[in-house]
>>> print(open('coords_30.cif').read())   # mmCIF, C-alpha atoms
data_model
loop_
_atom_site.label_atom_id
_atom_site.label_comp_id
_atom_site.auth_asym_id
_atom_site.auth_seq_id
_atom_site.Cartn_x
_atom_site.Cartn_y
_atom_site.Cartn_z
CA ALA A 1 34.82 71.12 -76.04
CA GLY A 2 31.75 72.93 -77.41
CA SER A 3 30.28 75.70 -79.48
CA GLY A 4 27.81 78.57 -78.92
CA SER A 5 27.13 82.30 -79.10
CA PHE A 6 27.32 85.35 -76.81
CA ARG A 7 26.51 89.06 -76.66
CA LEU A 8 28.59 91.72 -74.86
CA ASP A 9 26.71 94.91 -73.91
CA ARG A 10 28.38 97.75 -71.91
CA GLY A 11 30.66 95.45 -69.98
CA ARG A 12 27.99 92.85 -69.37
CA LEU A 13 28.21 89.42 -70.92
CA ALA A 14 24.48 89.18 -71.47
CA ARG A 15 24.27 85.60 -72.69
CA LEU A 16 26.49 82.74 -73.70
CA SER A 17 24.74 79.61 -74.90
CA GLU A 18 27.01 76.67 -75.63
CA ASP A 19 26.95 72.90 -75.90
CA LEU A 20 29.80 71.50 -73.80
CA GLU A 21 31.29 68.12 -73.01
CA ILE A 22 32.65 68.02 -69.46
CA GLY A 23 33.70 64.73 -67.90
CA ALA A 24 31.38 62.45 -69.95
CA ALA A 25 28.51 64.95 -69.61
CA ARG A 26 26.86 66.83 -72.47
CA LEU A 27 25.74 70.17 -71.07
CA LEU A 28 23.97 73.32 -72.14
CA LEU A 29 25.83 76.27 -70.65
CA GLU A 30 24.26 79.68 -70.02
CA LEU A 31 26.15 82.60 -68.50
CA ASP A 32 24.89 86.04 -67.52
CA ALA A 33 27.69 88.09 -65.93
CA ASP A 34 28.59 91.72 -65.24
CA LEU A 35 32.25 91.88 -66.24
CA ALA A 36 32.54 95.55 -65.22
CA ARG A 37 32.40 94.55 -61.56
CA SER A 38 35.30 93.01 -59.66
CA PRO A 39 34.86 90.26 -58.91
CA ALA A 40 32.47 89.54 -61.78
CA ASP A 41 28.86 89.23 -60.70
CA GLY A 42 26.46 86.81 -62.41
CA LEU A 43 25.10 83.33 -62.88
CA LEU A 44 26.55 80.32 -64.68
CA ARG A 45 24.01 77.58 -65.35
CA LEU A 46 24.73 74.04 -66.60
CA VAL A 47 21.99 71.59 -67.59
CA GLY A 48 22.40 68.24 -69.33
CA GLU A 49 23.04 64.51 -69.06
CA THR A 50 25.99 62.40 -67.94
CA SER A 51 26.90 58.93 -69.14
CA ASP A 52 29.61 58.55 -66.46
CA ALA A 53 28.85 60.23 -63.13
CA ARG A 54 32.35 59.59 -61.74
CA ALA A 55 34.04 61.42 -64.61
CA THR A 56 31.53 64.27 -64.26
CA GLN A 57 32.06 64.37 -60.49
CA LEU A 58 35.84 64.70 -60.87
CA ALA A 59 35.47 67.45 -63.49
CA THR A 60 32.95 69.32 -61.29
CA LEU A 61 35.22 69.12 -58.23
CA LYS A 62 38.06 70.53 -60.32
CA ILE A 63 35.86 73.50 -61.32
CA LEU A 64 34.81 74.07 -57.70
CA ARG A 65 38.43 74.07 -56.53
CA GLY A 66 39.17 76.62 -59.24
CA LEU A 67 36.43 78.79 -57.73
CA GLY A 68 37.97 78.41 -54.28
CA LEU A 69 35.25 76.03 -52.99
CA GLU A 70 36.33 72.86 -51.18
CA ALA A 71 33.78 70.03 -50.98
CA PRO A 72 33.41 67.92 -47.77
CA ASP A 73 33.96 64.15 -47.64
CA LEU A 74 30.24 63.54 -48.19
CA VAL A 75 30.51 65.04 -51.68
CA LEU A 76 33.92 63.48 -52.37
CA ARG A 77 32.69 59.88 -52.08
CA PRO A 78 32.99 58.17 -55.50
CA LEU A 79 29.77 58.46 -57.50
CA GLU A 80 28.83 56.25 -60.43
CA GLY A 81 25.83 56.06 -62.76
CA ARG A 82 24.16 57.94 -65.58
CA GLY A 83 21.32 60.44 -65.81
CA PRO A 84 20.42 64.15 -65.74
CA VAL A 85 22.69 66.68 -64.03
CA GLY A 86 22.33 70.37 -63.36
CA ALA A 87 24.34 73.13 -61.71
CA ALA A 88 23.93 76.83 -61.00
CA ILE A 89 27.08 78.71 -59.99
CA PHE A 90 26.45 82.19 -58.59
CA LEU A 91 29.43 84.48 -59.13
CA GLY A 92 30.32 87.51 -57.06
CA GLU A 93 31.49 88.40 -53.59
CA GLU A 94 29.49 85.53 -52.09
CA GLU A 95 29.95 82.58 -54.42
CA LYS A 96 27.46 79.74 -54.22
CA THR A 97 26.89 76.53 -56.18
CA ASP A 98 23.63 74.59 -56.56
CA LEU A 99 23.98 71.02 -57.79
CA SER A 100 21.31 68.46 -58.70
CA LEU A 101 21.68 64.85 -59.89
CA GLY A 102 19.28 62.12 -60.90
CA LEU A 103 21.19 58.91 -61.56
CA ARG A 104 20.32 55.35 -62.54
CA SER A 105 22.18 52.03 -62.15
CA GLY A 106 25.13 53.41 -60.21
CA ALA A 107 26.89 53.44 -56.85
CA TRP A 108 27.79 55.95 -54.13
CA GLY A 109 30.74 55.27 -51.87
CA GLY A 110 30.89 51.73 -53.21
CA GLN A 111 27.22 51.04 -52.41
CA PRO A 112 25.23 50.15 -55.56
CA PHE A 113 21.80 51.71 -56.21
CA ASP A 114 19.00 51.50 -58.76
CA ARG A 115 18.17 55.20 -58.56
CA ALA A 116 19.64 58.16 -56.69
CA ALA A 117 18.67 61.82 -56.47
CA LEU A 118 20.73 64.64 -54.97
CA ASP A 119 19.99 68.35 -54.48
CA LEU A 120 22.56 70.47 -52.64
CA THR A 121 23.97 73.95 -52.22
CA LEU A 122 27.65 74.53 -51.50
CA GLU A 123 28.77 78.00 -50.48
CA GLU A 124 31.69 79.45 -48.61
CA GLY A 125 31.50 78.03 -45.12
CA GLY A 126 28.45 75.82 -45.56
CA LEU A 127 26.87 72.80 -47.24
CA GLU A 128 23.11 72.44 -47.43
CA LEU A 129 21.99 69.03 -48.64
CA ARG A 130 18.35 69.82 -49.29
CA ALA A 131 17.46 66.29 -50.32
CA ILE A 132 19.09 62.96 -51.00
CA GLY A 133 17.26 59.79 -51.98
CA ILE A 134 18.70 56.35 -52.74
CA GLU A 135 16.76 53.29 -53.91
CA ARG A 136 17.92 49.71 -54.35
CA GLY A 137 15.24 47.07 -54.76
CA PRO A 138 12.92 47.56 -51.77
CA GLU A 139 15.53 49.60 -49.86
CA ARG A 140 14.91 53.34 -49.42
CA LEU A 141 17.23 55.89 -47.77
CA SER A 142 16.53 59.62 -47.78
CA GLY A 143 17.45 62.69 -45.79
CA SER A 144 18.78 66.22 -45.61
CA LEU A 145 21.38 68.18 -43.65
CA TYR A 146 23.05 71.54 -43.13
CA TRP A 147 26.77 71.64 -42.27
CA ASP A 148 28.85 74.64 -41.29
CA LEU A 149 32.12 73.33 -42.68
CA GLU A 150 34.11 75.02 -39.93
CA GLU A 151 32.36 72.83 -37.36
CA PRO A 152 33.16 69.13 -36.73
CA VAL A 153 29.54 67.93 -37.02
CA PRO A 154 26.49 68.99 -39.06
CA GLU A 155 24.14 71.61 -37.60
CA ARG A 156 21.04 69.73 -38.75
CA VAL A 157 20.53 66.13 -39.91
CA GLU A 158 17.37 64.30 -40.94
CA LEU A 159 17.40 60.65 -42.04
CA ARG A 160 14.67 58.20 -43.04
CA ALA A 161 15.13 54.52 -43.92
CA THR A 162 12.72 51.87 -45.16
CA ASP A 163 13.53 48.19 -45.63
CA LEU A 164 17.26 48.94 -45.45
CA GLU A 165 19.61 45.95 -45.26
CA VAL A 166 21.63 45.98 -42.02
CA GLU A 167 24.71 45.14 -44.10
CA THR A 168 24.20 48.35 -46.10
CA ALA A 169 23.99 50.40 -42.89
CA ARG A 170 27.08 48.68 -41.46
CA GLU A 171 29.16 49.47 -44.54
CA LEU A 172 28.00 53.10 -44.70
CA LEU A 173 28.86 53.59 -41.01
CA GLY A 174 32.07 51.55 -41.12
CA LEU A 175 30.92 49.07 -38.44
CA ASP A 176 32.34 45.53 -38.29
CA LEU A 177 29.56 43.70 -36.40
CA ASP A 178 27.99 40.27 -36.92
CA LEU A 179 24.48 41.58 -37.64
CA SER A 180 21.95 40.96 -40.38
CA GLY A 181 18.32 41.84 -41.10
CA ARG A 182 16.36 44.86 -42.31
CA LEU A 183 16.03 48.32 -40.77
CA ALA A 184 13.39 51.02 -40.83
CA GLY A 185 13.28 54.28 -38.91
CA GLU A 186 13.90 57.99 -38.82
CA LEU A 187 16.20 60.42 -37.01
CA SER A 188 16.14 64.22 -36.69
CA VAL A 189 18.99 66.01 -34.87
CA THR A 190 19.99 69.68 -34.53
CA THR A 191 23.23 70.88 -32.94
CA GLY A 192 23.40 74.20 -31.09
CA PRO A 193 25.38 75.86 -28.28
CA ASN A 194 24.15 73.21 -25.82
CA GLY A 195 25.05 70.31 -28.09
CA PRO A 196 22.89 67.99 -30.18
CA ARG A 197 19.17 67.63 -29.58
CA GLY A 198 16.57 65.48 -31.33
CA GLY A 199 15.25 61.97 -31.60
CA GLY A 200 13.66 59.27 -33.69
CA ASN A 201 12.94 55.58 -33.79
CA LEU A 202 14.48 52.37 -35.11
CA PHE A 203 12.91 49.04 -36.10
CA TRP A 204 14.82 45.87 -36.99
CA THR A 205 13.21 42.72 -38.40
CA GLY A 206 14.10 39.26 -39.66
CA GLY A 207 17.80 38.96 -38.90
CA THR A 208 20.53 37.64 -36.64
CA ALA A 209 22.79 39.14 -33.96
CA PHE A 210 26.12 37.36 -33.44
CA GLY A 211 24.65 34.20 -34.95
CA GLU A 212 21.44 34.17 -32.88
CA PRO A 213 18.16 34.55 -34.85
CA LEU A 214 16.00 37.55 -33.96
CA ASP A 215 12.42 38.18 -35.07
CA ARG A 216 12.29 41.88 -34.28
CA ALA A 217 13.87 44.69 -32.30
CA SER A 218 12.89 48.31 -31.74
CA ALA A 219 14.04 51.42 -29.89
CA GLN A 220 12.96 55.00 -29.33
CA ILE A 221 15.82 57.52 -29.52
CA VAL A 222 16.10 60.76 -27.53
CA ILE A 223 19.15 63.05 -27.81
CA GLU A 224 19.60 66.04 -25.47
CA ALA A 225 22.13 67.60 -23.08
CA GLY A 226 25.00 65.70 -24.67
CA LEU A 227 23.38 62.30 -24.11
CA ALA A 228 21.75 59.83 -26.49
CA ARG A 229 19.16 57.64 -24.79
CA LEU A 230 17.57 54.56 -26.36
CA GLU A 231 14.48 53.75 -24.30
CA PRO A 232 12.87 51.35 -24.43
CA ILE A 233 14.94 48.84 -26.38
CA PHE A 234 12.90 45.72 -27.11
CA VAL A 235 14.38 42.54 -28.61
CA ALA A 236 12.55 39.29 -29.40
CA GLY A 237 13.58 36.04 -31.09
CA PRO A 238 12.93 32.31 -30.95
CA ALA A 239 15.29 31.85 -28.00
CA VAL A 240 15.67 35.32 -26.48
CA HIS A 241 13.73 38.38 -25.38
CA ALA A 242 14.93 41.54 -23.64
CA ASP A 243 13.91 45.01 -22.46
CA ALA A 244 16.76 47.46 -21.95
CA VAL A 245 17.83 51.11 -21.76
CA LEU A 246 21.04 52.46 -23.29
CA THR A 247 22.42 55.86 -22.24
CA TRP A 248 25.41 57.17 -24.20
CA ASP A 249 27.59 60.21 -23.45
CA LEU A 250 28.32 61.67 -26.90
CA GLU A 251 31.33 63.70 -25.73
CA ALA A 252 33.04 61.08 -23.55
CA TRP A 253 31.94 58.34 -26.00
CA ALA A 254 30.97 56.07 -23.12
CA GLY A 255 27.69 54.91 -21.67
CA ARG A 256 25.62 52.39 -19.74
CA LEU A 257 23.33 49.55 -20.75
CA ASP A 258 20.66 48.62 -18.19
CA LEU A 259 19.01 45.26 -18.81
CA LEU A 260 15.60 45.64 -17.18
CA SER A 261 14.56 42.10 -18.00
CA ALA A 262 15.82 39.40 -20.32
CA GLY A 263 15.10 35.75 -20.90
CA LEU A 264 16.75 32.89 -22.74
CA ASP A 265 15.15 29.59 -23.71
CA LEU A 266 18.11 27.24 -23.32
CA ALA A 267 16.52 24.47 -25.40
CA ARG A 268 16.28 26.81 -28.39
CA PHE A 269 19.65 28.53 -27.95
CA ARG A 270 22.46 27.14 -30.09
CA PRO A 271 26.01 28.53 -30.37
CA SER A 272 25.75 27.72 -34.09
CA PRO A 273 22.85 26.50 -36.27
CA ASP A 274 24.34 22.98 -36.55
CA ASP A 275 24.79 22.48 -32.79
CA GLU A 276 22.34 20.58 -30.63
CA PRO A 277 21.18 22.31 -27.42
CA ILE A 278 23.36 21.45 -24.43
CA ALA A 279 20.73 22.36 -21.81
CA ALA A 280 17.02 22.91 -21.28
CA GLY A 281 15.16 25.37 -19.08
CA SER A 282 14.79 29.12 -18.90
CA LEU A 283 17.36 31.74 -17.90
CA ALA A 284 16.38 35.20 -16.65
CA LEU A 285 18.84 38.09 -16.31
CA GLU A 286 18.78 41.57 -14.77
CA GLY A 287 21.66 44.02 -14.40
CA GLY A 288 23.78 46.56 -16.20
CA LEU A 289 27.03 47.27 -18.02
CA ASP A 290 29.25 50.35 -18.10
CA LEU A 291 30.74 50.76 -21.59
CA ASP A 292 33.80 52.74 -22.68
CA SER A 293 36.86 52.43 -24.89
CA ALA A 294 38.43 49.93 -22.46
CA GLY A 295 35.51 47.50 -22.74
CA ALA A 296 32.48 46.49 -20.66
CA THR A 297 32.24 46.30 -16.86
CA GLY A 298 29.18 45.23 -14.90
CA SER A 299 27.15 42.42 -13.37
CA PHE A 300 23.90 40.54 -13.83
CA ASP A 301 21.67 38.54 -11.50
CA LEU A 302 20.83 35.10 -12.92
CA ARG A 303 17.82 32.89 -12.30
CA LEU A 304 17.36 29.43 -13.85
CA GLU A 305 14.15 27.43 -13.85
CA ALA A 306 13.59 23.77 -14.85
CA LEU A 307 17.30 23.43 -15.61
CA ALA A 308 18.34 20.16 -17.25
CA ILE A 309 21.74 19.20 -18.65
CA GLY A 310 22.35 16.08 -20.69
CA GLY A 311 18.83 14.88 -19.97
CA HIS A 312 19.25 15.16 -16.16
CA ALA A 313 17.02 17.57 -14.23
CA LEU A 314 18.82 19.93 -11.84
CA GLY A 315 15.82 22.06 -10.85
CA GLU A 316 16.07 25.75 -10.06
CA ALA A 317 19.26 27.75 -9.63
CA HIS A 318 20.36 31.33 -9.02
CA GLY A 319 23.61 33.22 -9.26
CA SER A 320 25.51 36.07 -10.84
CA LEU A 321 27.53 36.99 -13.91
CA THR A 322 30.33 39.58 -13.58
CA LEU A 323 32.04 41.14 -16.60
CA GLU A 324 35.32 43.04 -16.72
CA PRO A 325 37.30 44.11 -19.80
CA SER A 326 39.68 41.16 -19.34
CA SER A 327 37.45 38.45 -17.82
CA VAL A 328 33.98 37.00 -17.21
CA GLN A 329 33.06 35.31 -13.92
CA ALA A 330 29.94 33.27 -13.19
CA LEU A 331 28.45 31.75 -10.03
CA LEU A 332 25.48 29.39 -9.92
CA GLU A 333 23.91 27.63 -6.94
CA GLY A 334 21.16 25.02 -6.94
CA PRO A 335 19.74 22.39 -4.58
CA GLY A 336 22.79 20.42 -3.43
CA TRP A 337 25.27 21.89 -5.92
CA ALA A 338 27.23 25.00 -6.80
CA ALA A 339 29.34 25.95 -9.81
CA ARG A 340 31.87 28.71 -10.20
CA GLY A 341 33.84 29.67 -13.31
CA ARG A 342 36.11 32.33 -14.70
CA LEU A 343 37.01 33.01 -18.33
CA GLY A 344 40.09 35.17 -18.95
CA MET A 345 40.15 37.00 -22.26
CA GLU A 346 43.92 37.43 -22.58
CA GLU A 347 45.41 34.44 -20.75
CA ASP A 348 47.27 31.28 -21.85
CA LEU A 349 44.93 29.12 -19.70
CA PRO A 350 41.80 31.24 -19.87
CA LEU A 351 39.21 28.92 -18.26
CA GLN A 352 39.02 28.15 -14.54
CA ALA A 353 36.05 26.21 -13.11
CA ARG A 354 34.93 24.58 -9.87
CA LEU A 355 31.92 22.36 -9.17
CA SER A 356 30.76 21.56 -5.61
CA LEU A 357 28.24 18.77 -4.85
CA ASP A 358 26.38 18.26 -1.55
CA ARG A 359 23.74 15.48 -1.45
CA LEU A 360 22.84 16.14 -5.07
CA ILE A 361 20.06 13.97 -6.49
CA VAL A 362 20.11 13.83 -10.29
CA GLU A 363 16.91 12.74 -11.99
CA PRO A 364 16.22 12.18 -15.69
CA SER A 365 14.25 15.06 -17.15
CA VAL A 366 10.99 14.30 -18.89
#
>>> encode(input="coords_30.cif", output="structure tokens")
Amino acid sequence: AGSGSFRLDRGRLARLSEDLEIGAARLLLELDADLARSPADGLLRLVGETSDARATQLATLKILRGLGLEAPDLVLRPLEGRGPVGAAIFLGEEEKTDLSLGLRSGAWGGQPFDRAALDLTLEEGGLELRAIGIERGPERLSGSLYWDLEEPVPERVELRATDLEVETARELLGLDLDLSGRLAGELSVTTGPNGPRGGGNLFWTGGTAFGEPLDRASAQIVIEAGLARLEPIFVAGPAVHADAVLTWDLEAWAGRLDLLSAGLDLARFRPSPDDEPIAAGSLALEGGLDLDSAGATGSFDLRLEALAIGGHALGEAHGSLTLEPSSVQALLEGPGWAARGRLGMEEDLPLQARLSLDRLIVEPSV
């Protein structure tokens, strides 16, 4: 609904100025079009405010479909909020649509935000997201991209995050992992004939990984020749520290994790926060894992120092840990003793263990 005025001069609709209500948005419409040409050539401009971004989004998508423009999933995600909106639709042989939004107190894809800004161009065959910015409390997420819609992945992506909750990132990426904390970092990737190329960095602070507290973690990211390489990966927490390298084949969706060094303080490690430690001493690991859709396969060398269990000192020990998709096997040997165990992942009686003693002297630990 709306009202306005126009002037027609020699086949050209010189100006139409009208107040419209479209999907909970009050808009000023301006149109300058040459009707003598086929298809009509001109510019349709909409500027105004929306009180319901979702209703405006649905109405805008309906208009775009009427113009023969199909929006990608990124634009189709439900959008909520209120604030200024603007659009410029270029008519003619090469149709193009510019869209800008500045919303408050809303949500995008189910993720709430305090403020969000969006500036994009959608034209036949391509989407250019010139800028996107989302704020929620201290969290900041911004970026840009260009996507040839006939290709499976964007041609260019840039992302920046500050103080982003890990839970927010997990939900946006659809990952079901037991992780918490805050993220900061940046990523810039371009995709050409030789595949993606780029890099960035990632920093993680103040969280947990699979129930274990972590103080900080960081990684440098390099992407080239079809591989993504995270090197070095550094992890530190009250009970654990590690240096590692992850190499991932983006086409085969498989990779390898090399653990260059890692340590675990057994006295500080607890399977859950309410559990008391079952052992004392330090555990060092080195080795690697091959990762693919079937699971993880690999082995680690183990070294234990000042080992004590149940208050009894067992001294030093060494051994190995072997992982397969369906089982984990461990071997430990110390002065006068040896232990071997196997844990099956898909068996009715999954645990098998054996302990051998030979002139073992057990002393209380101090």
>>> resolve_selection(input="coords_30.cif", expression="the PyMOL selection byres ((chain A and resi 99-106) around 9)", output="ChimeraX atom specification")
/A:50,53,79-89,97-98,107-108,111-122
>>> resolve_selection(input="coords_30.cif", expression="the PyMOL selection byres ((chain A and resi 133) around 7)", output="list in words")
Ala116, Ala117, Leu118, Ala131, Ile132, Ile134, Glu135, Leu141, Ser142 and Gly143 of chain A
>>> resolve_selection(input="coords_30.cif", expression="the PyMOL selection byres ((chain A and resi 326) around 9)", output="list in words")
Gly295, Leu323, Glu324, Pro325, Ser327, Val328, Leu343, Gly344, Met345, Glu346 and Glu347 of chain A
>>> closest_residue(input="coords_30.cif", among="A:Leu173, A:Leu264, A:Leu230, A:Leu58", to="Leu76 in chain A", atoms="all atoms listed in the file")
A:Leu58
>>> atom_distance(input="coords_30.cif", atom1="CA of Gly195 in chain A", atom2="CA of Thr162 in chain A")
28.0 Å
>>> atom_distance(input="coords_30.cif", atom1="CA of Val222 in chain A", atom2="CA of Ala236 in chain A")
21.8 Å
>>> closest_residue(input="coords_30.cif", among="A:Leu172, A:Leu127, A:Leu179, A:Ala25", to="Phe210 in chain A", atoms="only C-alpha atoms")
A:Leu179
>>> closest_residue(input="coords_30.cif", among="A:Ala217, A:Ile278, A:Leu91, A:Leu164", to="Arg140 in chain A", atoms="all atoms listed in the file")
A:Leu164
>>> atom_distance(input="coords_30.cif", atom1="CA of Leu291 in chain A", atom2="CA of Leu257 in chain A")
7.6 Å
>>> residues_around(input="coords_30.cif", residues="Leu260 in chain A", least_positions_apart="6", cutoff="12 Å", atoms="all atoms listed in the file", output="tab-separated table (two decimals) with C-alpha atoms, in the coordinates of the input")
chain	number	residue	atom	x	y	z
A	231	GLU	CA	14.48	53.75	-24.30
A	232	PRO	CA	12.87	51.35	-24.43
A	233	ILE	CA	14.94	48.84	-26.38
A	234	PHE	CA	12.90	45.72	-27.11
A	235	VAL	CA	14.38	42.54	-28.61
A	241	HIS	CA	13.73	38.38	-25.38
A	242	ALA	CA	14.93	41.54	-23.64
A	243	ASP	CA	13.91	45.01	-22.46
A	244	ALA	CA	16.76	47.46	-21.95
A	245	VAL	CA	17.83	51.11	-21.76
A	246	LEU	CA	21.04	52.46	-23.29
A	284	ALA	CA	16.38	35.20	-16.65
A	285	LEU	CA	18.84	38.09	-16.31
A	286	GLU	CA	18.78	41.57	-14.77
A	287	GLY	CA	21.66	44.02	-14.40
A	288	GLY	CA	23.78	46.56	-16.20
A	289	LEU	CA	27.03	47.27	-18.02
A	300	PHE	CA	23.90	40.54	-13.83
A	301	ASP	CA	21.67	38.54	-11.50
>>> closest_residue(input="coords_30.cif", among="A:Pro78, A:Gly211, A:Gly315, A:Gly66", to="Trp337 in chain A", atoms="all atoms listed in the file")
A:Gly315
>>> closest_residue(input="coords_30.cif", among="A:Ser188, A:Ala239, A:Gly226, A:Asp249", to="Glu212 in chain A", atoms="all atoms listed in the file")
A:Ala239
>>> closest_residue(input="coords_30.cif", among="A:Arg354, A:Glu171, A:Ala252, A:Ala279", to="Gly110 in chain A", atoms="all atoms listed in the file")
A:Glu171
>>> residues_around(input="coords_30.cif", residues="Thr208 in chain A", least_positions_apart="5", cutoff="8 Å", atoms="all atoms listed in the file", output="MDAnalysis selection string")
chainID A and resid 178:181 213:214
